[in-house]
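**Q** This is the structure, below, for whatever I ask next.
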Amino acid sequence: MRGTRAYATSLLFVILGVFFSCSNGKKEFAEYPFEKEYLQYLIDVHSSEPKKNHIYYLLDLYSCDPCINANLGLLSKLGSNENITLVYINKPRFNTWDSQIESINDKFMILRDSVEEANLYELGLFKPLLLYFGEDGIEGYMNISDFQIGEAQLFLEERVY
Amino acid sequence: MRIIIFLVVISGFVACSDQSKNNEYSAQIEGFNPKSLLLKKERRLVFENDTIVGLYGSVGVVAEDDYEIVYGVNFMMNRIEKFKLNGAYVGTVSLSGDPNLDRIPWSEALFINRDSILLFGDGERFALINDQGTFKNGWDFSKNLDTDANVAGIDPINNDLSFFLNGNSIFVRSYPKYNWDTDWKYYSRPFMIEYDLEKNKVVRSFGEFPEYMVENRKLRFVNDHKMSWVLGKDGDLIFSLRRDPYLYKMDLTNEQVEKIPAVSASLKSFELVPRTFDSQRDTNFLISKGIYHRILYDPYRDLYYRVAVHEQPLKNEKTNRLNSAAQKVFSLIVLDGSLNYLGEVVFENKFEYSYLNFSICKEGILVPIYDNDENVVTFDIYNVVVK
């Protein structure tokens, strides 16, 4: 009986070992995987060094209308904060958002990438992107889907408000 | 018991290694005897005017009795520029003045004649205009589409024309309620609807993706959900899938499909990826990997051209920045009017042309040239010659 238990335990470890050796290959990044590229983008395109305890909010103004609406809505609600830099990529296709953007610009630091040079870098920029720079580089990031505006607000408030 | 442990280890090893072995989709077809084809440049057209902007997302040609008009659409600026092919710049039409057209992100245009240009954009909107930019009719599918498990909506999905007209109907790419990146079930549902313009309703949803897109439940090819299509000269729909060495010819009345070999020598196999969403991975694939893209019919020479876009390095060697997915070496697979394979010709200079927006005119294949000068638009005209 003791021998059988030992074998069963061995078998369990073998199965677990095989499971982890398979699943390790599928591990997803918990950290922002493009930090080096983003730093290079800041230097090349914006002649800028990253600031500590600071959030970069990358927003493509030529992306889908509902995404732009939702993100500008969030930015309009937030209070002024010099620890947030908005990085506008592209120009808006329509003038619908002009006045809203103007009032938002008064509240945050602004960088502009009007000819979408961000697309020359691997930044993982499919949706609007939040990057939080702590003391030692990027310590948190978030791709903001249309359904995560509330989470994005929390992300911002927990770090710089 | 030792044998059981051994078998478990072996089976685990095989289960792991199988994933890496099967992540390629072969695109080989044997038994071709291609003819020797030559790409002949006929001439270059240069249009200059202070008001020209260029940067066209779509180019179309409309033939009149004794001349042809070229339309170039700049979707970013919502404007259409017009040229007489054997003349000069004609003028620009803005889509921003009419409330039926303004503030709608148009992304596709079908040029039927001077009186009928059909626009399709995000928000499930169609608009019919003339070439003066006058709005004539519109359809908002977000309001008149009954959704079900098969059809959750319509969209300019194809990165090429996602619709066509036939008889009294608009045929347009639809999508089911599933996610094309993560759910294989997306590919088990119809990919298009027919909307009858007289009855003002959807009369059917149909079109099946090939079985290989459903069989592998874990892996997909980036852009499996996109396709290009053209109405053939007999009224059949010819469609081209991004990793498929075959074209598909569909009889639109009975939905029967026939496979037509149309393989490129440059596209040997296609790497598959897990059915997960990873935007940068997928973008990198689109930049670096080869795919099949557009299919065009040339009524003047009775030929079909299928575009094969070749591989390229992910990054520019000199700048270390990402290359463009829109500017790649591409070739035309040429088929005769009966869809018999003739051969393949290559457009080598990727920095001059894009595979996305050339068109057909009486003289040949009209190819716009990338040009950073805002006030100049240049086209080259090519023909394929059998040596």
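We name chains A, B, ... following the order of the structure tokens; residues begin at 1 in each chain, and ligands are numbered from 1 as shown.
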Could you list, as a list in words, every residue within 9 Å of Asp380 in chain B, counting only C-alpha atoms and ignoring same-chain residues fewer than 6 positions away?
**A**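 Selected residues are Lys41, Glu42, Arg43, Arg44, Leu45, Val46, Ile365, Leu366, Val367, Pro368 and Ile369 of chain B.
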**Q** Name the residues of range 39-154 of chain A that fall into strand (DSSP E) according to DSSP on the backbone, using the chain letters and numbers of this document, as a PyMOL selection string.
**A** chain A and resi 54-60+84-89+109-113+129-134+137-143
**Q** So how far away is CA of Thr85 in chain A from CA of Tyr57 in chain A, in Å?
**A**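 CA of Tyr57 in chain A sits 6.1 Å away from CA of Thr85 in chain A.
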**Q** Considering only C-alpha atoms, state which residue in the set B:Lys199, B:Arg103, B:His310, B:Lys328 is at the smallest distance from chain A.
**A**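 The shortest atom-to-atom distance to chain A comes from B:Arg103.
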**Q** List every residue of chain A that DSSP, applied to the backbone, labels as helix (DSSP H, G or I), and write the result as a count of residues only.
**A** 78
**Q** Skip Ile55 in chain A itself and residues of its chain fewer than 5 positions away, then list as an NGL selection string all residues within 6 Å of it, counting only C-alpha atoms.
**A** :A and (84 or 131-132)
**Q** For Met76 in chain B, which of B:Ala149, B:Ala265, B:Leu95, B:Met192 is the closest residue, counting only C-alpha atoms?
**A**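 Going through B:Ala149, B:Ala265, B:Leu95, B:Met192 one by one, the smallest distance to Met76 in chain B is for B:Leu95.
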**Q** Considering only C-alpha atoms, return as a ChimeraX atom specification whatever protein or nucleic-acid residues lie within 12 Å of Leu165 in chain B, sequence-local ones (same chain, fewer than 4 positions apart) excluded.
**A** /B:110-112,116-118,161,169-172,193-197,229-231,235,237,252
**Q** Give me the residues within 12 Å of Glu82 in chain A as a ChimeraX atom specification, counting only C-alpha atoms and dropping any in the same chain fewer than 3 places off.
**A** /A:51-56,78-79,85-86,105-110,160-161
**Q** Could you dump the residues just selected with N, CA and C atoms as a short mmCIF file (atom, residue, chain, number, x, y, z; two decimals), in the first residue's frame?
**A**
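Saved the output as again-v4.cif:
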```
data_model
loop_
_atom_site.label_atom_id
_atom_site.label_comp_id
_atom_site.auth_asym_id
_atom_site.auth_seq_id
_atom_site.Cartn_x
_atom_site.Cartn_y
_atom_site.Cartn_z
N LYS A 51 9.40 60.90 -16.96
CA LYS A 51 9.35 61.48 -15.61
C LYS A 51 8.94 60.39 -14.61
N LYS A 52 9.41 60.52 -13.38
CA LYS A 52 9.06 59.54 -12.35
C LYS A 52 7.72 59.88 -11.72
N ASN A 53 7.05 58.83 -11.22
CA ASN A 53 5.72 58.99 -10.62
C ASN A 53 4.79 59.77 -11.56
N HIS A 54 4.79 59.30 -12.76
CA HIS A 54 4.11 60.04 -13.82
C HIS A 54 3.39 59.05 -14.73
N ILE A 55 2.22 59.48 -15.24
CA ILE A 55 1.46 58.63 -16.16
C ILE A 55 1.47 59.24 -17.56
N TYR A 56 1.78 58.38 -18.53
CA TYR A 56 1.66 58.77 -19.94
C TYR A 56 0.38 58.12 -20.48
N LEU A 78 -11.67 64.32 -15.12
CA LEU A 78 -10.55 64.36 -14.17
C LEU A 78 -10.11 65.78 -13.86
N GLY A 79 -9.58 65.95 -12.67
CA GLY A 79 -9.04 67.26 -12.31
C GLY A 79 -7.66 67.47 -12.90
N THR A 85 0.81 63.06 -18.56
CA THR A 85 1.12 63.60 -19.88
C THR A 85 0.23 62.90 -20.91
N LEU A 86 -0.53 63.69 -21.64
CA LEU A 86 -1.31 63.14 -22.74
C LEU A 86 -0.44 63.12 -23.98
N ASN A 105 -6.65 70.10 -22.64
CA ASN A 105 -5.23 70.48 -22.77
C ASN A 105 -4.76 71.41 -21.65
N ASP A 106 -5.70 72.15 -21.08
CA ASP A 106 -5.33 73.07 -20.00
C ASP A 106 -5.01 72.34 -18.69
N LYS A 107 -5.41 71.04 -18.63
CA LYS A 107 -5.31 70.35 -17.35
C LYS A 107 -4.08 69.44 -17.21
N PHE A 108 -3.50 69.06 -18.36
CA PHE A 108 -2.42 68.08 -18.32
C PHE A 108 -1.23 68.54 -19.16
N MET A 109 -0.12 67.82 -19.01
CA MET A 109 1.01 68.04 -19.90
C MET A 109 0.64 67.41 -21.27
N ILE A 110 1.13 67.98 -22.33
CA ILE A 110 0.74 67.50 -23.66
C ILE A 110 1.97 67.21 -24.52
N VAL A 160 -1.82 58.79 -9.25
CA VAL A 160 -1.38 60.19 -9.30
C VAL A 160 -2.40 61.19 -8.73
N TYR A 161 -3.48 60.71 -8.15
CA TYR A 161 -4.42 61.65 -7.52
C TYR A 161 -4.44 61.46 -6.00
#
```
**Q** Show which residues sit within 12 Å of Ser264 in chain B, as an MDAnalysis selection string. Count only C-alpha atoms, and ignore same-chain residues fewer than 5 positions away.
**A** chainID B and resid 27:30 32 34 242:247 269 290:293 305:310 330:335 341:346
**Q** Distance CA of Tyr382 in chain B-CA of Asn357 in chain B, one decimal place?
**A**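 Pair CA of Tyr382 in chain B / CA of Asn357 in chain B returns 14.1 Å.
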**Q** Residues within 10 Å of Asn159 in chain B, please, as JSON, numbers by chain. Count only C-alpha atoms; anything in the same chain fewer than 2 positions from it doesn't count.
**A** {"B": [57, 107, 108, 156, 157, 161, 162, 223, 226, 227, 228, 293, 294, 356]}
**Q** Please write the residues from the selection above to a file, keeping N, CA, C and O atoms, as an mmCIF file, in the first residue's frame.
**A**
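Dumped everything to selection.cif:
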```cif
data_model
loop_
_atom_site.group_PDB
_atom_site.id
_atom_site.type_symbol
_atom_site.label_atom_id
_atom_site.label_comp_id
_atom_site.auth_asym_id
_atom_site.auth_seq_id
_atom_site.Cartn_x
_atom_site.Cartn_y
_atom_site.Cartn_z
ATOM 1 N N GLY B 57 -6.713 56.367 -50.036
ATOM 2 C CA GLY B 57 -7.016 55.063 -49.474
ATOM 3 C C GLY B 57 -7.692 54.176 -50.493
ATOM 4 O O GLY B 57 -7.717 52.958 -50.361
ATOM 5 N N SER B 107 -14.782 54.569 -45.117
ATOM 6 C CA SER B 107 -13.509 53.869 -45.309
ATOM 7 C C SER B 107 -13.443 53.059 -46.599
ATOM 8 O O SER B 107 -12.394 52.508 -46.917
ATOM 9 N N GLU B 108 -14.572 52.969 -47.324
ATOM 10 C CA GLU B 108 -14.536 52.242 -48.600
ATOM 11 C C GLU B 108 -15.399 52.972 -49.615
ATOM 12 O O GLU B 108 -16.387 53.622 -49.250
ATOM 13 N N PRO B 156 -16.818 47.282 -42.429
ATOM 14 C CA PRO B 156 -15.777 47.255 -43.475
ATOM 15 C C PRO B 156 -14.574 46.457 -42.995
ATOM 16 O O PRO B 156 -13.533 47.001 -42.664
ATOM 17 N N ILE B 157 -14.744 45.159 -42.946
ATOM 18 C CA ILE B 157 -13.767 44.270 -42.321
ATOM 19 C C ILE B 157 -12.562 44.007 -43.216
ATOM 20 O O ILE B 157 -11.459 43.773 -42.736
ATOM 21 N N LEU B 161 -12.519 46.233 -50.560
ATOM 22 C CA LEU B 161 -13.976 46.407 -50.593
ATOM 23 C C LEU B 161 -14.668 45.295 -49.798
ATOM 24 O O LEU B 161 -14.411 44.119 -50.035
ATOM 25 N N SER B 162 -15.533 45.677 -48.892
ATOM 26 C CA SER B 162 -16.249 44.693 -48.079
ATOM 27 C C SER B 162 -17.675 44.507 -48.572
ATOM 28 O O SER B 162 -18.488 43.899 -47.893
ATOM 29 N N ASN B 223 -5.524 37.495 -39.534
ATOM 30 C CA ASN B 223 -6.322 37.968 -40.668
ATOM 31 C C ASN B 223 -7.098 36.886 -41.402
ATOM 32 O O ASN B 223 -7.466 37.072 -42.555
ATOM 33 N N LYS B 226 -10.367 38.198 -42.794
ATOM 34 C CA LYS B 226 -10.455 39.127 -43.927
ATOM 35 C C LYS B 226 -10.448 38.368 -45.240
ATOM 36 O O LYS B 226 -9.896 37.274 -45.338
ATOM 37 N N MET B 227 -11.020 38.978 -46.246
ATOM 38 C CA MET B 227 -10.973 38.398 -47.585
ATOM 39 C C MET B 227 -11.110 39.522 -48.610
ATOM 40 O O MET B 227 -11.465 40.655 -48.266
ATOM 41 N N SER B 228 -10.777 39.203 -49.839
ATOM 42 C CA SER B 228 -11.027 40.135 -50.933
ATOM 43 C C SER B 228 -11.920 39.439 -51.934
ATOM 44 O O SER B 228 -11.902 38.208 -52.035
ATOM 45 N N HIS B 293 -3.881 38.867 -51.041
ATOM 46 C CA HIS B 293 -4.737 40.014 -50.772
ATOM 47 C C HIS B 293 -5.776 40.171 -51.875
ATOM 48 O O HIS B 293 -6.593 39.294 -52.086
ATOM 49 N N ARG B 294 -5.723 41.229 -52.633
ATOM 50 C CA ARG B 294 -6.839 41.592 -53.508
ATOM 51 C C ARG B 294 -7.009 40.631 -54.689
ATOM 52 O O ARG B 294 -6.082 39.953 -55.107
ATOM 53 N N LEU B 356 -2.419 48.080 -52.138
ATOM 54 C CA LEU B 356 -3.761 48.322 -51.608
ATOM 55 C C LEU B 356 -4.681 49.111 -52.533
ATOM 56 O O LEU B 356 -5.890 49.023 -52.411
#
```
**Q** Suppose you want the space between CA of Leu37 in chain B and CA of Val386 in chain B; what is it in Å?
**A**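 Separation between CA of Leu37 in chain B and CA of Val386 in chain B: 4.6 Å.
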